[in-house]
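I have placed the structure first, in the form of structure tokens, so that the comments after it can refer back to it.
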Amino acid sequence: MAHDQCPHLDYREADGEAEFGSERAYCTAVGAFVQPMRADVCNTRYGLDFETDCEFYLEAER
């Protein structure tokens with residue numbers, strides 16, 4: 001694995017309209033908040049690698 005975290009992953013405390021109680025994972029490649037399980041791929045947890053296991057990353061890098 002080349003990185004610890006996907007460069008397209010951001011954590012935000014608000015969505016422009018509402019504020020959250022804690023930070024939520026936001027994918028800048030798709031412009032949307034992602035589920036925690038998706039963020040596991042972004043953060044290379046459980047043997048996953050965003051460079052090979054994430055279709056959003058692969059599409060954004062083309």
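Chain labels run A, B, ... following the order of the structure tokens; each chain numbers its residues from 1, and ligands are numbered from 1 in the order shown.
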Can you pull out every residue within 6 Å of region 19-30 of chain A, counting only C-alpha atoms, but drop anything in the same chain fewer than 4 positions away, and send it as a ChimeraX atom specification? /A:8-14,34,60
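Within the 10 Å cut-off around Thr52 (chain A), using only C-alpha atoms and omitting residues fewer than 4 positions from it on the same chain, the listed residues are A:Met1, A:Val41, A:Leu48, A:Tyr57, A:Leu58.
Interatomic distance, CA of Asp4 (chain A) against CA of Asn43 (chain A): 5.9 Å.
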Any chance you could list, as JSON, numbers by chain, the residues in chain A that come up alpha helix (DSSP H) when DSSP is run on the backbone? {"A": [36, 37, 38, 39, 40, 41, 42, 50, 51, 52, 53, 55, 56, 57, 58, 59, 60, 61]}
Please produce a file of the residues just selected, as a compact mmCIF listing (two decimals), in the first residue's frame, where the atoms kept are all heavy atoms.
# COMPACT_ATOMS: atom_id res chain seq x y z
N PRO A 36 -19.39 4.61 6.69
CA PRO A 36 -18.17 4.23 7.41
C PRO A 36 -17.45 3.03 6.79
O PRO A 36 -16.22 2.99 6.77
CB PRO A 36 -18.66 3.92 8.82
CG PRO A 36 -19.88 4.78 8.98
CD PRO A 36 -20.52 4.78 7.61
N MET A 37 -18.20 2.06 6.29
CA MET A 37 -17.55 0.90 5.66
C MET A 37 -16.79 1.31 4.41
O MET A 37 -15.72 0.77 4.12
CB MET A 37 -18.57 -0.18 5.35
CG MET A 37 -19.09 -0.86 6.60
SD MET A 37 -20.36 -2.10 6.28
CE MET A 37 -19.47 -3.27 5.29
N ARG A 38 -17.29 2.27 3.66
CA ARG A 38 -16.59 2.80 2.49
C ARG A 38 -15.33 3.52 2.94
O ARG A 38 -14.27 3.41 2.31
CB ARG A 38 -17.51 3.74 1.70
CG ARG A 38 -16.84 4.55 0.63
CD ARG A 38 -16.22 3.76 -0.48
NE ARG A 38 -17.22 3.10 -1.27
CZ ARG A 38 -16.93 2.38 -2.35
NH1 ARG A 38 -15.69 2.27 -2.77
NH2 ARG A 38 -17.87 1.78 -3.02
N ALA A 39 -15.40 4.25 4.04
CA ALA A 39 -14.23 4.96 4.56
C ALA A 39 -13.15 3.98 5.00
O ALA A 39 -11.97 4.33 4.98
CB ALA A 39 -14.64 5.87 5.71
N ASP A 40 -13.52 2.75 5.37
CA ASP A 40 -12.51 1.74 5.69
C ASP A 40 -11.61 1.47 4.49
O ASP A 40 -10.40 1.29 4.64
CB ASP A 40 -13.17 0.44 6.14
CG ASP A 40 -13.74 0.52 7.55
OD1 ASP A 40 -13.33 1.42 8.31
OD2 ASP A 40 -14.59 -0.32 7.88
N VAL A 41 -12.18 1.45 3.30
CA VAL A 41 -11.39 1.29 2.08
C VAL A 41 -10.47 2.50 1.92
O VAL A 41 -9.27 2.36 1.64
CB VAL A 41 -12.28 1.11 0.83
CG1 VAL A 41 -11.43 1.04 -0.44
CG2 VAL A 41 -13.16 -0.11 0.95
N CYS A 42 -11.03 3.70 2.11
CA CYS A 42 -10.27 4.94 1.96
C CYS A 42 -9.09 5.01 2.93
O CYS A 42 -8.07 5.62 2.63
CB CYS A 42 -11.17 6.15 2.22
SG CYS A 42 -12.64 6.24 1.19
N PHE A 50 -7.31 1.53 -1.29
CA PHE A 50 -8.14 2.39 -2.14
C PHE A 50 -7.62 2.43 -3.57
O PHE A 50 -8.39 2.61 -4.51
CB PHE A 50 -8.26 3.80 -1.57
CG PHE A 50 -6.95 4.55 -1.48
CD1 PHE A 50 -6.46 5.24 -2.56
CD2 PHE A 50 -6.22 4.56 -0.30
CE1 PHE A 50 -5.26 5.93 -2.48
CE2 PHE A 50 -5.03 5.24 -0.21
CZ PHE A 50 -4.54 5.92 -1.30
N GLU A 51 -6.32 2.25 -3.78
CA GLU A 51 -5.76 2.32 -5.13
C GLU A 51 -6.24 1.16 -6.01
O GLU A 51 -6.25 1.27 -7.23
CB GLU A 51 -4.25 2.35 -5.08
CG GLU A 51 -3.72 3.66 -4.52
CD GLU A 51 -2.20 3.71 -4.49
OE1 GLU A 51 -1.56 2.66 -4.32
OE2 GLU A 51 -1.67 4.82 -4.63
N THR A 52 -6.61 0.05 -5.39
CA THR A 52 -7.05 -1.11 -6.16
C THR A 52 -8.48 -1.53 -5.86
O THR A 52 -9.12 -2.17 -6.71
CB THR A 52 -6.13 -2.32 -5.91
OG1 THR A 52 -6.10 -2.60 -4.51
CG2 THR A 52 -4.72 -2.04 -6.41
N ASP A 53 -9.00 -1.18 -4.69
CA ASP A 53 -10.32 -1.66 -4.26
C ASP A 53 -11.44 -0.65 -4.38
O ASP A 53 -12.59 -0.98 -4.13
CB ASP A 53 -10.25 -2.15 -2.80
CG ASP A 53 -9.30 -3.32 -2.63
OD1 ASP A 53 -9.26 -4.18 -3.54
OD2 ASP A 53 -8.60 -3.37 -1.61
N GLU A 55 -13.62 1.83 -6.76
CA GLU A 55 -13.94 2.24 -8.12
C GLU A 55 -14.00 3.76 -8.26
O GLU A 55 -13.72 4.30 -9.32
CB GLU A 55 -15.25 1.61 -8.59
CG GLU A 55 -16.48 2.08 -7.84
CD GLU A 55 -16.78 1.34 -6.55
OE1 GLU A 55 -15.92 0.62 -6.02
OE2 GLU A 55 -17.90 1.51 -6.03
N PHE A 56 -14.35 4.48 -7.20
CA PHE A 56 -14.39 5.94 -7.25
C PHE A 56 -12.98 6.51 -7.44
O PHE A 56 -12.77 7.43 -8.24
CB PHE A 56 -14.99 6.54 -5.98
CG PHE A 56 -16.39 6.04 -5.69
CD1 PHE A 56 -16.75 5.73 -4.40
CD2 PHE A 56 -17.34 5.89 -6.69
CE1 PHE A 56 -18.04 5.29 -4.11
CE2 PHE A 56 -18.61 5.46 -6.42
CZ PHE A 56 -18.97 5.16 -5.11
N TYR A 57 -12.02 5.96 -6.70
CA TYR A 57 -10.63 6.40 -6.82
C TYR A 57 -10.11 6.12 -8.23
O TYR A 57 -9.51 6.99 -8.87
CB TYR A 57 -9.74 5.72 -5.79
CG TYR A 57 -8.28 6.07 -5.94
CD1 TYR A 57 -7.77 7.22 -5.38
CD2 TYR A 57 -7.42 5.25 -6.67
CE1 TYR A 57 -6.43 7.55 -5.54
CE2 TYR A 57 -6.09 5.57 -6.83
CZ TYR A 57 -5.59 6.74 -6.26
OH TYR A 57 -4.28 7.07 -6.42
N LEU A 58 -10.34 4.92 -8.71
CA LEU A 58 -9.84 4.54 -10.03
C LEU A 58 -10.40 5.44 -11.12
O LEU A 58 -9.68 5.87 -12.02
CB LEU A 58 -10.17 3.07 -10.32
CG LEU A 58 -9.46 2.05 -9.41
CD1 LEU A 58 -10.04 0.66 -9.66
CD2 LEU A 58 -7.96 2.08 -9.64
N GLU A 59 -11.68 5.76 -11.04
CA GLU A 59 -12.31 6.64 -12.03
C GLU A 59 -11.75 8.06 -11.94
O GLU A 59 -11.49 8.70 -12.97
CB GLU A 59 -13.82 6.65 -11.85
CG GLU A 59 -14.57 7.39 -12.91
CD GLU A 59 -14.45 6.78 -14.30
OE1 GLU A 59 -14.31 5.55 -14.42
OE2 GLU A 59 -14.47 7.54 -15.28
N ALA A 60 -11.57 8.56 -10.74
CA ALA A 60 -11.07 9.93 -10.55
C ALA A 60 -9.62 10.10 -11.03
O ALA A 60 -9.24 11.16 -11.50
CB ALA A 60 -11.16 10.33 -9.08
N GLU A 61 -8.85 9.03 -10.95
CA GLU A 61 -7.45 9.11 -11.34
C GLU A 61 -7.23 8.93 -12.83
O GLU A 61 -6.12 9.12 -13.32
CB GLU A 61 -6.64 8.07 -10.56
CG GLU A 61 -6.60 8.35 -9.06
CD GLU A 61 -5.99 9.69 -8.72
OE1 GLU A 61 -4.87 9.98 -9.17
OE2 GLU A 61 -6.65 10.47 -8.00
Based on DSSP run over this structure's backbone, return all residues of chain A in strand (DSSP E or B), as number ranges by chain. A: 9-14, 19-27, 32-33
Would you mind exporting the chosen residues as a compact mmCIF listing (two decimals), in the first residue's frame, restricted to N, CA, C and O atoms?
# COMPACT_ATOMS: atom_id res chain seq x y z
N LEU A 9 -10.33 11.52 0.29
CA LEU A 9 -11.12 11.44 1.51
C LEU A 9 -10.91 12.68 2.36
O LEU A 9 -9.79 13.14 2.56
N ASP A 10 -12.00 13.22 2.85
CA ASP A 10 -11.98 14.39 3.71
C ASP A 10 -12.97 14.12 4.84
O ASP A 10 -13.92 13.36 4.66
N TYR A 11 -12.73 14.69 5.99
CA TYR A 11 -13.69 14.57 7.09
C TYR A 11 -14.29 15.94 7.37
O TYR A 11 -13.56 16.92 7.51
N ARG A 12 -15.61 15.98 7.42
CA ARG A 12 -16.31 17.26 7.59
C ARG A 12 -17.32 17.17 8.73
O ARG A 12 -17.92 16.13 8.96
N GLU A 13 -17.49 18.30 9.41
CA GLU A 13 -18.43 18.38 10.52
C GLU A 13 -19.78 18.93 10.11
O GLU A 13 -20.69 19.02 10.92
N ALA A 14 -19.92 19.35 8.84
CA ALA A 14 -21.18 19.92 8.35
C ALA A 14 -21.29 19.67 6.86
O ALA A 14 -20.30 19.39 6.18
N GLU A 19 -25.13 20.74 10.72
CA GLU A 19 -23.91 20.38 11.41
C GLU A 19 -24.11 19.03 12.08
O GLU A 19 -25.21 18.71 12.52
N PHE A 20 -23.03 18.24 12.12
CA PHE A 20 -23.09 16.92 12.72
C PHE A 20 -22.46 16.95 14.11
O PHE A 20 -21.70 17.84 14.43
N GLY A 21 -22.73 15.93 14.89
CA GLY A 21 -22.12 15.82 16.21
C GLY A 21 -20.68 15.39 16.17
O GLY A 21 -19.93 15.61 17.11
N SER A 22 -20.27 14.81 15.04
CA SER A 22 -18.89 14.39 14.85
C SER A 22 -18.57 14.44 13.36
O SER A 22 -19.45 14.59 12.52
N GLU A 23 -17.29 14.33 13.04
CA GLU A 23 -16.88 14.38 11.65
C GLU A 23 -17.39 13.17 10.88
O GLU A 23 -17.47 12.07 11.42
N ARG A 24 -17.72 13.38 9.62
CA ARG A 24 -18.17 12.30 8.73
C ARG A 24 -17.27 12.26 7.50
O ARG A 24 -16.77 13.29 7.05
N ALA A 25 -17.11 11.06 6.98
CA ALA A 25 -16.25 10.85 5.81
C ALA A 25 -16.92 11.41 4.56
O ALA A 25 -18.08 11.11 4.27
N TYR A 26 -16.17 12.21 3.81
CA TYR A 26 -16.65 12.83 2.58
C TYR A 26 -15.68 12.48 1.47
O TYR A 26 -14.47 12.67 1.59
N CYS A 27 -16.20 11.96 0.36
CA CYS A 27 -15.38 11.60 -0.80
C CYS A 27 -15.42 12.74 -1.81
O CYS A 27 -16.48 13.00 -2.39
N ALA A 32 -19.69 13.47 -2.28
CA ALA A 32 -20.75 13.01 -1.37
C ALA A 32 -20.15 12.39 -0.12
O ALA A 32 -19.00 11.94 -0.11
N PHE A 33 -20.96 12.40 0.93
CA PHE A 33 -20.57 11.70 2.15
C PHE A 33 -20.66 10.20 1.89
O PHE A 33 -21.52 9.74 1.13
